[in-house]
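Pasted below: run_29.cif, mmCIF, C-alpha atoms.
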data_work
#
loop_
_atom_site.label_atom_id
_atom_site.label_comp_id
_atom_site.auth_asym_id
_atom_site.auth_seq_id
_atom_site.Cartn_x
_atom_site.Cartn_y
_atom_site.Cartn_z
CA MET A 1 31.36 7.41 -11.11
CA ASP A 2 28.96 9.04 -13.55
CA ILE A 3 25.44 8.45 -12.24
CA ASN A 4 22.25 9.99 -13.56
CA ILE A 5 18.91 9.76 -11.72
CA ARG A 6 15.82 10.27 -13.88
CA ASP A 7 12.16 9.25 -14.27
CA ALA A 8 11.72 5.79 -15.76
CA GLU A 9 10.57 5.50 -19.38
CA ILE A 10 8.83 2.62 -21.08
CA GLN A 11 12.06 1.39 -22.68
CA ASP A 12 13.53 0.90 -19.17
CA CYS A 13 10.98 -1.81 -18.35
CA PRO A 14 13.14 -4.85 -19.22
CA ALA A 15 15.99 -3.55 -17.02
CA ILE A 16 13.60 -2.65 -14.18
CA PHE A 17 12.02 -6.08 -14.35
CA GLU A 18 15.45 -7.72 -14.06
CA LEU A 19 16.24 -5.59 -10.99
CA ILE A 20 12.92 -6.60 -9.39
CA LYS A 21 13.86 -10.25 -9.86
CA GLU A 22 17.32 -9.59 -8.39
CA LEU A 23 15.67 -8.06 -5.31
CA ALA A 24 13.21 -10.94 -4.91
CA LEU A 25 16.13 -13.38 -5.03
CA TYR A 26 17.89 -11.40 -2.30
CA GLU A 27 14.65 -11.44 -0.28
CA LYS A 28 14.62 -15.25 -0.63
CA ALA A 29 11.37 -15.28 -2.55
CA PRO A 30 12.10 -15.51 -6.31
CA HIS A 31 9.15 -17.92 -6.73
CA GLU A 32 6.83 -15.18 -5.49
CA VAL A 33 7.38 -13.10 -8.63
CA THR A 34 4.43 -14.32 -10.65
CA VAL A 35 3.57 -11.01 -12.30
CA ASN A 36 3.31 -11.12 -16.08
CA TYR A 37 5.80 -8.87 -17.90
CA ASN A 38 3.24 -7.38 -20.30
CA HIS A 39 0.89 -6.63 -17.41
CA PHE A 40 3.80 -5.00 -15.58
CA VAL A 41 4.49 -2.66 -18.52
CA GLU A 42 0.77 -1.90 -18.98
CA CYS A 43 0.42 -0.99 -15.28
CA GLY A 44 3.32 1.44 -15.50
CA PHE A 45 2.83 3.01 -18.91
CA GLY A 46 -0.74 2.20 -19.99
CA THR A 47 -3.77 4.46 -19.87
CA ASN A 48 -4.12 4.34 -16.07
CA PRO A 49 -0.64 4.01 -14.58
CA VAL A 50 -0.61 2.50 -11.09
CA TRP A 51 3.14 2.42 -10.59
CA PHE A 52 5.86 4.98 -11.15
CA ALA A 53 9.63 4.67 -11.02
CA ILE A 54 12.91 6.50 -11.09
CA VAL A 55 16.09 4.88 -12.33
CA ALA A 56 19.80 5.36 -11.79
CA GLU A 57 21.93 4.95 -14.88
CA ASN A 58 25.63 4.67 -15.52
CA ASN A 59 26.79 5.16 -19.11
CA SER A 60 23.18 4.77 -20.29
CA THR A 61 22.77 1.44 -18.47
CA VAL A 62 20.09 1.17 -15.77
CA ILE A 63 21.81 -0.05 -12.60
CA GLY A 64 19.27 0.95 -9.94
CA VAL A 65 15.57 1.56 -9.53
CA ALA A 66 13.01 2.83 -7.05
CA LEU A 67 9.42 1.89 -7.85
CA TYR A 68 6.42 3.36 -6.05
CA TYR A 69 2.68 3.80 -6.15
CA ILE A 70 0.32 6.25 -4.47
CA ARG A 71 -1.38 4.98 -1.36
CA TYR A 72 -4.18 6.52 0.61
CA SER A 73 -3.87 6.51 4.38
CA THR A 74 -7.06 7.27 6.27
CA TRP A 75 -4.81 8.67 8.99
CA LYS A 76 -2.42 10.72 6.88
CA GLY A 77 -3.96 11.27 3.42
CA SER A 78 -2.23 10.52 0.11
CA ARG A 79 1.31 9.24 0.38
CA MET A 80 4.07 7.56 -1.55
CA TYR A 81 4.37 3.82 -1.06
CA LEU A 82 7.86 2.72 -1.95
CA GLU A 83 7.43 -0.79 -3.27
CA ASP A 84 11.01 -1.59 -4.31
CA ILE A 85 14.39 0.10 -4.18
CA LEU A 86 17.49 -1.64 -5.47
CA VAL A 87 20.95 -0.95 -6.80
CA THR A 88 22.43 -3.89 -8.66
CA GLU A 89 25.05 -5.68 -6.59
CA LYS A 90 28.27 -4.58 -8.28
CA PHE A 91 27.31 -0.89 -8.12
CA ARG A 92 26.63 -0.78 -4.38
CA GLY A 93 28.64 1.35 -1.96
CA HIS A 94 28.76 4.43 -4.21
CA GLY A 95 25.82 6.36 -2.71
CA ILE A 96 23.44 5.47 -5.54
CA GLY A 97 20.75 4.14 -3.18
CA LYS A 98 21.01 7.33 -1.15
CA ALA A 99 20.62 9.44 -4.30
CA LEU A 100 17.52 7.45 -5.32
CA PHE A 101 16.02 7.73 -1.84
CA GLU A 102 16.62 11.48 -1.69
CA ARG A 103 14.99 11.94 -5.08
CA LEU A 104 11.92 10.03 -3.77
CA LEU A 105 11.67 12.41 -0.82
CA ALA A 106 11.86 15.36 -3.21
CA ILE A 107 9.03 13.86 -5.31
CA CYS A 108 6.89 13.45 -2.15
CA ILE A 109 7.32 17.13 -1.37
CA GLU A 110 6.70 18.18 -4.98
CA LYS A 111 3.50 16.08 -5.15
CA LYS A 112 2.36 17.27 -1.70
CA PHE A 113 2.28 13.74 -0.27
CA SER A 114 2.06 13.70 3.53
CA GLY A 115 4.96 11.25 3.65
CA MET A 116 6.35 7.95 2.46
CA ASN A 117 5.79 4.38 3.62
CA TRP A 118 7.63 1.18 2.86
CA GLN A 119 8.51 -2.13 4.48
CA VAL A 120 11.74 -3.90 5.26
CA LEU A 121 12.34 -7.55 6.14
CA ASN A 122 13.21 -7.84 9.83
CA TRP A 123 16.42 -9.78 9.03
CA ASN A 124 17.62 -7.35 6.34
CA GLU A 125 20.12 -5.51 8.52
CA PRO A 126 21.98 -3.70 5.70
CA ALA A 127 18.68 -2.19 4.52
CA ILE A 128 17.58 -1.27 8.06
CA ASN A 129 20.91 0.45 8.65
CA PHE A 130 20.60 2.26 5.32
CA TYR A 131 17.14 3.62 6.23
CA LYS A 132 18.31 4.67 9.69
CA LYS A 133 20.60 7.23 8.07
CA PHE A 134 17.63 9.33 6.92
CA LYS A 135 16.20 11.89 9.30
CA GLY A 136 12.80 11.12 10.78
CA VAL A 137 12.45 7.48 9.68
CA LYS A 138 10.12 5.56 12.00
CA PHE A 139 10.08 1.76 12.32
CA ASP A 140 6.99 -0.10 13.54
CA ASP A 141 6.99 -3.88 13.99
CA GLU A 142 3.52 -4.09 15.54
CA TRP A 143 1.71 -4.95 12.30
CA ILE A 144 1.26 -8.31 10.59
CA ASN A 145 0.91 -8.47 6.79
CA CYS A 146 -2.14 -10.36 5.60
CA ALA A 147 -2.93 -11.53 2.08
CA ILE A 148 -5.34 -13.57 0.01
CA ASN A 149 -4.00 -14.55 -3.42
CA PHE A 150 -6.25 -15.48 -6.31
CA GLN A 151 -3.50 -16.10 -8.83
CA MET B 1 -31.48 -7.28 10.88
CA ASP B 2 -31.89 -5.41 7.63
CA ILE B 3 -28.41 -4.78 6.22
CA ASN B 4 -27.56 -3.42 2.80
CA ILE B 5 -24.00 -3.45 1.37
CA ARG B 6 -23.35 -0.94 -1.41
CA ASP B 7 -20.67 1.26 -2.98
CA ALA B 8 -19.98 4.42 -0.98
CA GLU B 9 -21.27 7.73 -2.33
CA ILE B 10 -20.01 11.22 -1.62
CA GLN B 11 -22.79 11.89 0.91
CA ASP B 12 -21.49 8.96 3.01
CA CYS B 13 -18.20 10.75 3.69
CA PRO B 14 -19.12 12.25 7.09
CA ALA B 15 -20.24 8.82 8.38
CA ILE B 16 -17.17 7.07 6.91
CA PHE B 17 -14.89 9.65 8.50
CA GLU B 18 -16.52 9.04 11.91
CA LEU B 19 -15.99 5.28 11.52
CA ILE B 20 -12.31 5.85 10.63
CA LYS B 21 -11.90 7.82 13.84
CA GLU B 22 -13.67 5.07 15.82
CA LEU B 23 -11.20 2.53 14.39
CA ALA B 24 -8.17 4.71 15.17
CA LEU B 25 -9.38 5.02 18.76
CA TYR B 26 -9.69 1.22 19.00
CA GLU B 27 -6.17 0.95 17.53
CA LYS B 28 -4.95 3.27 20.31
CA ALA B 29 -3.84 5.96 17.89
CA PRO B 30 -6.55 8.65 17.61
CA HIS B 31 -3.86 11.37 17.53
CA GLU B 32 -2.49 9.80 14.33
CA VAL B 33 -5.55 10.84 12.33
CA THR B 34 -4.27 14.13 10.97
CA VAL B 35 -5.90 13.91 7.55
CA ASN B 36 -7.99 16.92 6.57
CA TYR B 37 -11.69 16.14 5.96
CA ASN B 38 -11.92 18.10 2.69
CA HIS B 39 -8.78 16.40 1.38
CA PHE B 40 -10.31 13.05 2.37
CA VAL B 41 -13.45 13.76 0.33
CA GLU B 42 -11.41 15.08 -2.63
CA CYS B 43 -9.25 11.93 -2.65
CA GLY B 44 -12.31 9.69 -2.76
CA PHE B 45 -14.64 11.61 -5.07
CA GLY B 46 -12.49 14.19 -6.89
CA THR B 47 -11.15 14.01 -10.42
CA ASN B 48 -8.52 11.34 -9.64
CA PRO B 49 -9.93 9.09 -6.91
CA VAL B 50 -7.27 7.26 -4.91
CA TRP B 51 -9.57 5.52 -2.44
CA PHE B 52 -12.75 3.55 -2.86
CA ALA B 53 -15.19 2.22 -0.29
CA ILE B 54 -18.21 0.05 0.32
CA VAL B 55 -20.59 0.69 3.19
CA ALA B 56 -23.03 -1.36 5.23
CA GLU B 57 -26.25 0.42 6.08
CA ASN B 58 -29.13 -0.34 8.42
CA ASN B 59 -32.30 1.70 7.89
CA SER B 60 -30.35 4.15 5.70
CA THR B 61 -27.72 4.70 8.40
CA VAL B 62 -24.10 3.80 7.60
CA ILE B 63 -22.93 1.42 10.34
CA GLY B 64 -19.90 -0.17 8.68
CA VAL B 65 -17.29 0.56 6.05
CA ALA B 66 -14.45 -1.06 4.12
CA LEU B 67 -12.08 1.40 2.44
CA TYR B 68 -9.42 0.37 -0.07
CA TYR B 69 -7.05 1.59 -2.71
CA ILE B 70 -5.27 -0.11 -5.60
CA ARG B 71 -1.71 -1.15 -4.93
CA TYR B 72 0.88 -2.42 -7.33
CA SER B 73 2.96 -5.37 -6.22
CA THR B 74 6.07 -6.03 -8.30
CA TRP B 75 5.63 -9.68 -7.33
CA LYS B 76 1.91 -10.08 -7.93
CA GLY B 77 0.68 -7.18 -10.09
CA SER B 78 -2.28 -4.92 -9.29
CA ARG B 79 -4.11 -5.76 -6.07
CA MET B 80 -6.60 -4.43 -3.59
CA TYR B 81 -5.12 -2.89 -0.47
CA LEU B 82 -7.71 -2.93 2.28
CA GLU B 83 -6.90 0.12 4.35
CA ASP B 84 -9.74 0.01 6.90
CA ILE B 85 -12.65 -2.27 7.72
CA LEU B 86 -14.96 -1.51 10.61
CA VAL B 87 -18.45 -2.17 11.88
CA THR B 88 -19.51 0.30 14.56
CA GLU B 89 -19.43 -1.28 18.01
CA LYS B 90 -23.12 -1.80 18.75
CA PHE B 91 -23.72 -3.54 15.40
CA ARG B 92 -21.01 -6.18 15.80
CA GLY B 93 -21.74 -9.90 16.00
CA HIS B 94 -24.33 -9.92 13.21
CA GLY B 95 -22.08 -11.00 10.32
CA ILE B 96 -21.81 -7.49 8.86
CA GLY B 97 -17.98 -7.56 8.78
CA LYS B 98 -18.12 -10.91 7.02
CA ALA B 99 -20.56 -9.53 4.43
CA LEU B 100 -18.27 -6.52 3.80
CA PHE B 101 -15.20 -8.77 3.49
CA GLU B 102 -16.92 -11.12 1.06
CA ARG B 103 -18.00 -8.19 -1.08
CA LEU B 104 -14.37 -7.02 -1.20
CA LEU B 105 -13.27 -10.44 -2.45
CA ALA B 106 -15.96 -10.28 -5.13
CA ILE B 107 -14.71 -6.84 -6.21
CA CYS B 108 -11.13 -8.20 -6.46
CA ILE B 109 -12.32 -10.94 -8.80
CA GLU B 110 -14.49 -8.55 -10.81
CA LYS B 111 -11.58 -6.09 -11.24
CA LYS B 112 -9.11 -8.91 -12.00
CA PHE B 113 -6.86 -8.06 -9.04
CA SER B 114 -4.37 -10.83 -8.25
CA GLY B 115 -5.43 -10.67 -4.60
CA MET B 116 -5.91 -8.51 -1.55
CA ASN B 117 -3.48 -7.25 1.09
CA TRP B 118 -4.04 -5.64 4.45
CA GLN B 119 -2.44 -5.41 7.87
CA VAL B 120 -3.55 -6.24 11.37
CA LEU B 121 -2.07 -5.16 14.70
CA ASN B 122 -0.33 -8.12 16.33
CA TRP B 123 -2.35 -7.66 19.57
CA ASN B 124 -5.72 -7.39 17.82
CA GLU B 125 -6.82 -10.96 18.48
CA PRO B 126 -10.52 -10.51 17.58
CA ALA B 127 -9.49 -9.19 14.15
CA ILE B 128 -6.90 -11.95 13.62
CA ASN B 129 -9.53 -14.57 14.49
CA PHE B 130 -11.99 -12.90 12.14
CA TYR B 131 -9.52 -13.04 9.21
CA LYS B 132 -8.62 -16.68 9.96
CA LYS B 133 -12.17 -17.67 9.03
CA PHE B 134 -11.58 -16.83 5.37
CA LYS B 135 -10.08 -19.48 3.12
CA GLY B 136 -6.50 -18.90 1.99
CA VAL B 137 -5.57 -15.99 4.26
CA LYS B 138 -1.81 -15.84 4.84
CA PHE B 139 -0.18 -14.02 7.76
CA ASP B 140 3.42 -12.77 7.58
CA ASP B 141 5.08 -11.08 10.55
CA GLU B 142 8.53 -10.84 8.95
CA TRP B 143 8.14 -7.25 7.73
CA ILE B 144 8.67 -3.98 9.58
CA ASN B 145 6.64 -0.90 8.58
CA CYS B 146 8.78 2.16 7.85
CA ALA B 147 7.62 5.75 7.41
CA ILE B 148 8.79 9.29 6.99
CA ASN B 149 6.13 11.92 7.73
CA PHE B 150 6.30 15.43 6.35
CA GLN B 151 3.05 16.66 7.91
#
Can you turn what I pasted into structure tokens?
Amino acid sequence: MDINIRDAEIQDCPAIFELIKELALYEKAPHEVTVNYNHFVECGFGTNPVWFAIVAENNSTVIGVALYYIRYSTWKGSRMYLEDILVTEKFRGHGIGKALFERLLAICIEKKFSGMNWQVLNWNEPAINFYKKFKGVKFDDEWINCAINFQ
Amino acid sequence: MDINIRDAEIQDCPAIFELIKELALYEKAPHEVTVNYNHFVECGFGTNPVWFAIVAENNSTVIGVALYYIRYSTWKGSRMYLEDILVTEKFRGHGIGKALFERLLAICIEKKFSGMNWQVLNWNEPAINFYKKFKGVKFDDEWINCAINFQ
């Protein structure tokens, strides 16, 4: 299978947005995606980008994405926060997720981040098993997520 | 008690850094604070700030802090991520934490963030009870934190 991993460009936004919705559906929370598409594009490719992404493409079609932002840990300094990683369903099982994940680790090293953080749903066993394959991954279930939503 | 809440300035960094270490000690993880002080200052007040903070002061002494960064949620858009909030031990019980938290909510509205996220340790009952006092706070213990550390 011919797979190319590259930085996302503005014209990838519709495909990335579809993949985000596919992931939210899998995470049983499609109603939680209330972000506005134009705001999404502006936040990624406007004057002050807050998110960054890499995509996997097959024959010029985007079939996977990893989207991240920079977080600041008062314990560890600046880090990558991996917000979403997804390969569309029919392209799974070909190592595309692994290739995306490895590229993220390379970006962390290139940008001198102290590491990478992300979260996984405690019932998402395929994802947990996927992450376990990478050296040095630590899991911590001692924290509770808290949120206040205005919109 | 005379308390003033204001945006942090670069000269507050030593006091903020001490408060961060006090919080890490309370969270039973002082050894996890491996961030370099100069890097910390650079990340807050350098050319591309990644963290922001407000401080509480009493007689010109910083006795509390709330430190945040901007996150991007693919579900909710740009948001405040509250990394740390702490009032030094001997000043607790005077509503200073509440004043800091309310100021954060005001900043979210001012900056048009869709909301605020943070985490709390599942055994930190005083903090959980503190957050419960604010209208609309949601708790979600379904997620596991994952990390890879390079440093």
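Residue nearest chain A, chosen from B:Lys133, B:Arg79, B:Lys138, B:Lys98 and counting all atoms listed in the file: B:Lys138.
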Legend entry - Resolved residues for the PyMOL selection byres ((chain B) within 8 of (chain A)) as a ChimeraX atom specification: /B:20,32-36,39-40,43,50-51,69-78,83-84,109,113-123,136-151
Inset, instruction - Would you work out the distance separating CA of Ile5 in chain A from CA of Val55 in chain A, expressed in Å to one decimal? - result: 5.7 Å
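Note that the spacing between CA of Glu110 in chain B and CA of Asn48 in chain A amounts to 17.4 Å.
Distances from A:Glu57, A:Glu125, A:Glu89, A:Glu27 to Asp7 in chain A were compared using only C-alpha atoms, and the smallest one belongs to A:Glu57.
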Inset, instruction - Compare B:Cys13, B:Ile107, B:Pro126, B:Gly93 by their minimum atom-to-atom distance to Tyr26 in chain B, counting all atoms listed in the file, and give me the closest one. - result: B:Pro126
Inset, instruction - Tell me which residues the PyMOL selection byres ((chain B and resi 65) around 7) grabs here, as a ChimeraX atom specification. - result: /B:16,53-56,64,66-67,85-87
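From CA of Leu23 in chain B back to CA of Val62 in chain B, the distance works out to 14.6 Å.
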